[in-house]
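Trainee: Here you go, one structure.
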Amino acid sequence: MSDSNSLFLKALNKEITKTPPIWFMRQAGRYMPEYRAIRKKFKNFLDMCKNPDVCCELALQPINAFNLDSAILFSDILTIPDAFNLGVTFVENEGPVFTNPVSKPVDVDNLIAFNPDELNYVYEAVTNIKNSLPENIPLIGFCGSPWTLTAYSIEGRSSKDFKKTIRFVENNQESTHLLLTKFTDACYLYLRKQIKAGADVIQIFDSWANLLDAENLRNFSLNYTKSLISALKQDPLTANTPIILFSREPKCDEQTLINTSADCISLYWDMVDFDINIARDKVAIQGNLDPKVLLESKDLIKEEAYKILDKYEGYPGYIFNLGHGITPNINPDNVKFLTDVVREY
Ligand code: CP3
């Protein structure tokens with residue numbers, strides 16, 4: 001795809017665009033009735049992710065419903081732990097639960113070798129989606145950051161504070177580094193295959209970066225994300241694919257995020273003090289409307305969207321997005337309204 005046909009690719013290339021490209025984290029999901037209609041046919045969420053034709057249909061739903069500038073692969077970040085046989089299941093009203101989490105150092109030593117071909121269903125979904133999209137709409141592939149995958153794999157479920165994980169990391173630094181290395185290698189092979197299958201852009205979700213203090217963030221999160229990005233940038237097959245890093249409330253400064261060599265930084269909704277003058281001409285910026293605004297009136301949605309648009313106006317490489325994913329309680333009409341507001345700004 002040539003950049004000239006896509007607002008999104010232009011912005012990722014740090015160009016000023018006439019109107020900012022727009023897409024939403026979790027743009028396919030339970031808030032859409034069309035999603036729920038398909039979801040109810042599957043008992044297990046992961047079984048649905050393992051069906052490439054269904055993933056294709058789900059990824060296209062928000063593209064057909066709203067006027068968006070990018071599609072995102074329909075899948076989940078926990079496909080990699082699933083391929084490591086950690087027993088990933090999704091429990092209603094609770095989220096992911098691992099039947100076989102990493103509990104002690106020997107569990108890390110005994111992990112099976114990651115075979116990227118175990119995730120062929122994901123690459124097939126990528127190809128299907130790519131073949132179904134209009135030519136000028138890019139497709140985002142993605143993975144969880146090595147740290148975020150490590151946190152879920154140790155904790156074994158979602159948690160507010162990930163206490164078990166923090167204790168494991170403190171007591172077993174060497175094993176933690178080994179696990180992070182295994183996930184970094186797996187992410188590289190996985191993303192490489194997504195790109196080979198047709199993904200135009202990659203987003204790395206470091207959704208649990210906020211658990212770490214400044215020193216641990218560098219040691220256990222950013223260093224591994226940086227290695228992953230570096231591996232992709234050194235590989236001729238993947239070197240030119242733009243990479244977006246979403247890091248939730250990281251305890252670090254702007255330059256530290258820029259030093260990961262990501263092409264774009266996706267800001268969490270409360271990262272309001274991020275200084276774009278430090279980032280200018282170095283990285284593109286994506287974000288960061290608070291998703292809760294979409295639960296409010298149309299007047300308020302417009303007002304808050306304008307605040308964000310005013311803030312980033314003229315920034316070379318700005319992509320409109322939320323500062324985290326769309327939640328199931330959001331009305332799709334408001335998503336459509338917000339998209340129109342951004343287009344007409
Ligand atoms: O349009 C899209 O973005 C869909 C593709 C997508 C999903 N998950 C589908 C999904 C993407 C990009 C993700 C990323 C993801 N998954 C993240 C990173 C983004 C973030 O929110 O920080 C994380 C942490 C996960 C792990 C995960 N998956 C959790 C914690 C849960 C349960 C709670 C929740 O948020 O729904 C999931 C399930 C999940 N992944 C659903 C969807 C549509 C809902 C499952 C269902 O329908 O039952």
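Simple scheme: letters A, B, ... for chains in structure tokens order, numbers from 1 for residues in each chain, numbers from 1 for ligands in the order shown.
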Residues within 7 Å of ligand 1 should be enumerated using only C-alpha atoms and all ligand atoms and returned as an MDAnalysis selection string.

Mentor: chainID A and resid 25:30 39 45 59 72:78 90 92 94:96 142 144 158 205 207 324:325

Trainee: Would you mind exporting C-alpha atoms of the selected residues as a compact mmCIF listing (two decimals), in the first residue's frame?

Mentor:
# COMPACT_ATOMS: atom_id res chain seq x y z
CA MET A 25 -8.76 0.71 20.45
CA ARG A 26 -11.23 -2.17 20.88
CA GLN A 27 -13.29 -0.89 17.97
CA ALA A 28 -14.65 -4.42 17.49
CA GLY A 29 -16.34 -5.72 20.61
CA ARG A 30 -19.33 -6.19 22.88
CA ARG A 39 -20.24 -13.88 19.98
CA PHE A 45 -13.94 -16.51 23.33
CA ALA A 59 -12.70 -6.87 12.22
CA ILE A 72 -7.27 -3.87 13.55
CA LEU A 73 -6.85 -7.62 13.53
CA PHE A 74 -9.54 -9.36 15.53
CA SER A 75 -7.71 -11.56 18.03
CA ASP A 76 -6.30 -11.18 21.54
CA ILE A 77 -2.92 -10.58 23.16
CA LEU A 78 -3.26 -13.87 25.07
CA PHE A 90 -12.02 -16.49 29.29
CA GLU A 92 -17.71 -14.43 31.71
CA GLU A 94 -14.15 -12.06 35.01
CA GLY A 95 -11.88 -12.04 31.96
CA PRO A 96 -8.89 -14.28 31.31
CA PHE A 142 -0.65 -6.55 17.33
CA GLY A 144 1.02 -7.78 24.07
CA SER A 158 -6.78 -10.02 35.64
CA PHE A 205 0.10 -3.22 24.04
CA SER A 207 -1.28 -2.57 29.25
CA HIS A 324 -7.80 3.08 26.17
CA GLY A 325 -10.31 0.66 24.70

Trainee: Skipping near chain neighbours, those fewer than 2 positions away, what residues fall within 9 Å of segment 230-243 of chain A using only C-alpha atoms, listed as a PyMOL selection string?

Mentor: chain A and resi 9+12-13+188+191-192+195-196+199-204+225-228+245+260-265

Trainee: Could you take the residues named above and write them with C-alpha atoms, as a PDB file, in the first residue's frame?

Mentor:
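And here's again16.pdb as it stands now:
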ATOM      1  CA  LEU A   9       0.117   5.772   7.140  1.00  0.00           C
ATOM      2  CA  LEU A  12       2.628   7.393  11.085  1.00  0.00           C
ATOM      3  CA  ASN A  13       5.215   8.838   8.721  1.00  0.00           C
ATOM      4  CA  TYR A 188       9.087 -11.219  17.214  1.00  0.00           C
ATOM      5  CA  LEU A 191       4.600 -10.234  14.502  1.00  0.00           C
ATOM      6  CA  ARG A 192       6.891 -11.205  11.630  1.00  0.00           C
ATOM      7  CA  ILE A 195       3.376  -8.762   8.685  1.00  0.00           C
ATOM      8  CA  LYS A 196       4.151 -11.501   6.157  1.00  0.00           C
ATOM      9  CA  ALA A 199      -0.437  -6.503   8.450  1.00  0.00           C
ATOM     10  CA  ASP A 200       0.568  -2.930   7.476  1.00  0.00           C
ATOM     11  CA  VAL A 201       1.197  -1.553  10.984  1.00  0.00           C
ATOM     12  CA  ILE A 202       1.948  -3.132  14.373  1.00  0.00           C
ATOM     13  CA  GLN A 203       0.724  -2.040  17.798  1.00  0.00           C
ATOM     14  CA  ILE A 204       2.374  -3.351  20.966  1.00  0.00           C
ATOM     15  CA  THR A 225       9.950  -3.878  24.159  1.00  0.00           C
ATOM     16  CA  LYS A 226      13.022  -2.105  22.823  1.00  0.00           C
ATOM     17  CA  SER A 227      14.670  -5.441  21.875  1.00  0.00           C
ATOM     18  CA  LEU A 228      11.471  -6.531  20.166  1.00  0.00           C
ATOM     19  CA  LEU A 245       3.613   1.516  21.386  1.00  0.00           C
ATOM     20  CA  THR A 260      12.263   2.474  22.342  1.00  0.00           C
ATOM     21  CA  SER A 261      12.407   3.398  18.619  1.00  0.00           C
ATOM     22  CA  ALA A 262       8.658   3.027  18.263  1.00  0.00           C
ATOM     23  CA  ASP A 263       7.337   5.134  15.367  1.00  0.00           C
ATOM     24  CA  CYS A 264       4.304   6.261  17.328  1.00  0.00           C
ATOM     25  CA  ILE A 265       3.425   6.613  20.998  1.00  0.00           C
TER      26      ILE A 265
END

Trainee: Just checking: using only C-alpha atoms, which residue out of A:Thr184, A:Gln286, A:Asn131, A:Ser145 ends up closest to Ala209 of chain A?

Mentor: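 Result for the nearest residue to Ala209 of chain A: A:Ser145.
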
Trainee: Can you pull out every residue from segment 117-209 of chain A that DSSP, working from the backbone, puts in strand (DSSP E or B), and format the result as a PyMOL selection string?

Mentor: chain A and resi 139-144+157+201-206

Trainee: Output the selection as a short mmCIF file (atom, residue, chain, number, x, y, z; two decimals), in the first residue's frame - N, CA and C atoms for each residue.

Mentor:
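The result, stored in selection.cif:
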data_model
loop_
_atom_site.label_atom_id
_atom_site.label_comp_id
_atom_site.auth_asym_id
_atom_site.auth_seq_id
_atom_site.Cartn_x
_atom_site.Cartn_y
_atom_site.Cartn_z
N LEU A 139 -4.26 -2.30 7.80
CA LEU A 139 -4.61 -3.26 8.84
C LEU A 139 -3.52 -3.29 9.91
N ILE A 140 -3.94 -3.12 11.16
CA ILE A 140 -3.01 -3.17 12.29
C ILE A 140 -2.95 -4.60 12.82
N GLY A 141 -1.75 -5.14 12.92
CA GLY A 141 -1.52 -6.39 13.65
C GLY A 141 -1.06 -6.01 15.04
N PHE A 142 -1.04 -6.95 15.97
CA PHE A 142 -0.65 -6.55 17.33
C PHE A 142 -0.17 -7.71 18.17
N CYS A 143 0.45 -7.36 19.29
CA CYS A 143 0.77 -8.33 20.34
C CYS A 143 0.79 -7.60 21.67
N GLY A 144 0.78 -8.36 22.76
CA GLY A 144 1.02 -7.78 24.07
C GLY A 144 2.51 -7.59 24.23
N ARG A 157 -4.62 -14.35 35.92
CA ARG A 157 -5.93 -13.71 35.74
C ARG A 157 -5.76 -12.19 35.77
N VAL A 201 0.75 -2.32 9.81
CA VAL A 201 1.20 -1.55 10.98
C VAL A 201 1.14 -2.52 12.16
N ILE A 202 1.98 -2.29 13.16
CA ILE A 202 1.95 -3.13 14.37
C ILE A 202 1.70 -2.25 15.59
N GLN A 203 0.84 -2.71 16.50
CA GLN A 203 0.72 -2.04 17.80
C GLN A 203 1.11 -3.03 18.90
N ILE A 204 1.96 -2.55 19.81
CA ILE A 204 2.37 -3.35 20.97
C ILE A 204 1.64 -2.79 22.18
N PHE A 205 0.88 -3.65 22.88
CA PHE A 205 0.10 -3.22 24.04
C PHE A 205 0.86 -3.52 25.33
N ASP A 206 1.39 -2.47 25.97
CA ASP A 206 1.97 -2.68 27.30
C ASP A 206 0.95 -2.19 28.33
#

Trainee: Which one of A:Ile319, A:Ile129, A:Ile154, A:Val97 sits closest to Cys55 of chain A if you count only C-alpha atoms?

Mentor: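 Ranked by minimum distance to Cys55 of chain A, first place goes to A:Ile129.
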
Trainee: I want to know what sits within 7 Å of Ala125 of chain A, based on only C-alpha atoms, with residues of the same chain fewer than 5 positions away left out; could you give that as a list in words?

Mentor: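 Skipping anything fewer than 5 positions along the chain leaves Pro52, Asp53, Cys55 and Cys56 of chain A.
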
Trainee: Which residues are close to Asn219 of chain A, i.e. within 12 Å by only C-alpha atoms, leaving aside same-chain residues fewer than 6 positions away? Reply as a PyMOL selection string.

Mentor: chain A and resi 146-147+169+173-174+176-177+180-181+209+212-213+225-227

Trainee: Could you pull the residues within 7 Å of Leu68 of chain A, counting only C-alpha atoms, minus those fewer than 4 positions along the same chain, as a PyMOL selection string?

Mentor: chain A and resi 22-23+63

Trainee: Which residues are near Ala151 of chain A? Cut-off 8 Å, only C-alpha atoms, ignore same chain within fewer than 4 positions. Put them as a PyMOL selection string.

Mentor: chain A and resi 147+155+162+165+208

Trainee: When you look at segment 336-343 of chain A with a cut-off of 10 Å (counting only C-alpha atoms), what residues show up, excluding the ones that are within fewer than 4 positions of it in the same chain? I need them as a list of chain:residue names.

Mentor: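 Skipping anything fewer than 4 positions along the chain leaves A:Lys18, A:Thr19, A:Pro20, A:Pro21, A:Ile22, A:Trp23, A:Phe24, A:Pro62, A:Ala65, A:Phe66, A:Asn67, A:Leu68, A:Leu294, A:Lys298, A:Ile301, A:Lys302, A:Glu303, A:Glu304, A:Ala305, A:Tyr306, A:Ile308, A:Leu309, A:Phe320, A:Asn321, A:Asn331, A:Pro332.
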
Trainee: Print the selection's residues with C-alpha atoms to a file, as a PDB file, in the first residue's frame.

Mentor:
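New file result10.pdb:
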ATOM      1  CA  LYS A  18      -5.635  17.725   6.566  1.00  0.00           C
ATOM      2  CA  THR A  19      -7.814  15.916   9.052  1.00  0.00           C
ATOM      3  CA  PRO A  20      -6.456  13.489  11.647  1.00  0.00           C
ATOM      4  CA  PRO A  21      -6.866   9.797  10.873  1.00  0.00           C
ATOM      5  CA  ILE A  22      -9.124   8.047  13.354  1.00  0.00           C
ATOM      6  CA  TRP A  23      -9.575   4.530  14.689  1.00  0.00           C
ATOM      7  CA  PHE A  24     -10.426   3.172  18.143  1.00  0.00           C
ATOM      8  CA  PRO A  62     -16.533  -1.262  12.831  1.00  0.00           C
ATOM      9  CA  ALA A  65     -20.385   0.910  10.762  1.00  0.00           C
ATOM     10  CA  PHE A  66     -18.123   3.966  11.118  1.00  0.00           C
ATOM     11  CA  ASN A  67     -15.926   5.949   8.841  1.00  0.00           C
ATOM     12  CA  LEU A  68     -12.547   4.747  10.225  1.00  0.00           C
ATOM     13  CA  LEU A 294     -18.365   8.384  25.233  1.00  0.00           C
ATOM     14  CA  LYS A 298     -23.237  14.569  22.497  1.00  0.00           C
ATOM     15  CA  ILE A 301     -18.386  14.474  23.605  1.00  0.00           C
ATOM     16  CA  LYS A 302     -17.891  17.288  21.098  1.00  0.00           C
ATOM     17  CA  GLU A 303     -16.427  19.614  23.718  1.00  0.00           C
ATOM     18  CA  GLU A 304     -13.930  17.035  24.985  1.00  0.00           C
ATOM     19  CA  ALA A 305     -12.996  15.894  21.473  1.00  0.00           C
ATOM     20  CA  TYR A 306     -12.295  19.514  20.513  1.00  0.00           C
ATOM     21  CA  ILE A 308      -7.918  17.018  22.253  1.00  0.00           C
ATOM     22  CA  LEU A 309      -8.031  18.172  18.624  1.00  0.00           C
ATOM     23  CA  PHE A 320      -7.068  10.493  16.883  1.00  0.00           C
ATOM     24  CA  ASN A 321      -7.906   7.625  19.242  1.00  0.00           C
ATOM     25  CA  ASN A 331     -23.469   3.389  22.739  1.00  0.00           C
ATOM     26  CA  PRO A 332     -22.329   2.853  19.115  1.00  0.00           C
TER      27      PRO A 332
END

Trainee: Between atom CA of Val122 of chain A and atom CA of Leu217 of chain A, what is the spacing in Å?

Mentor: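 We find that atom CA of Leu217 of chain A and atom CA of Val122 of chain A lie 29.3 Å from each other.
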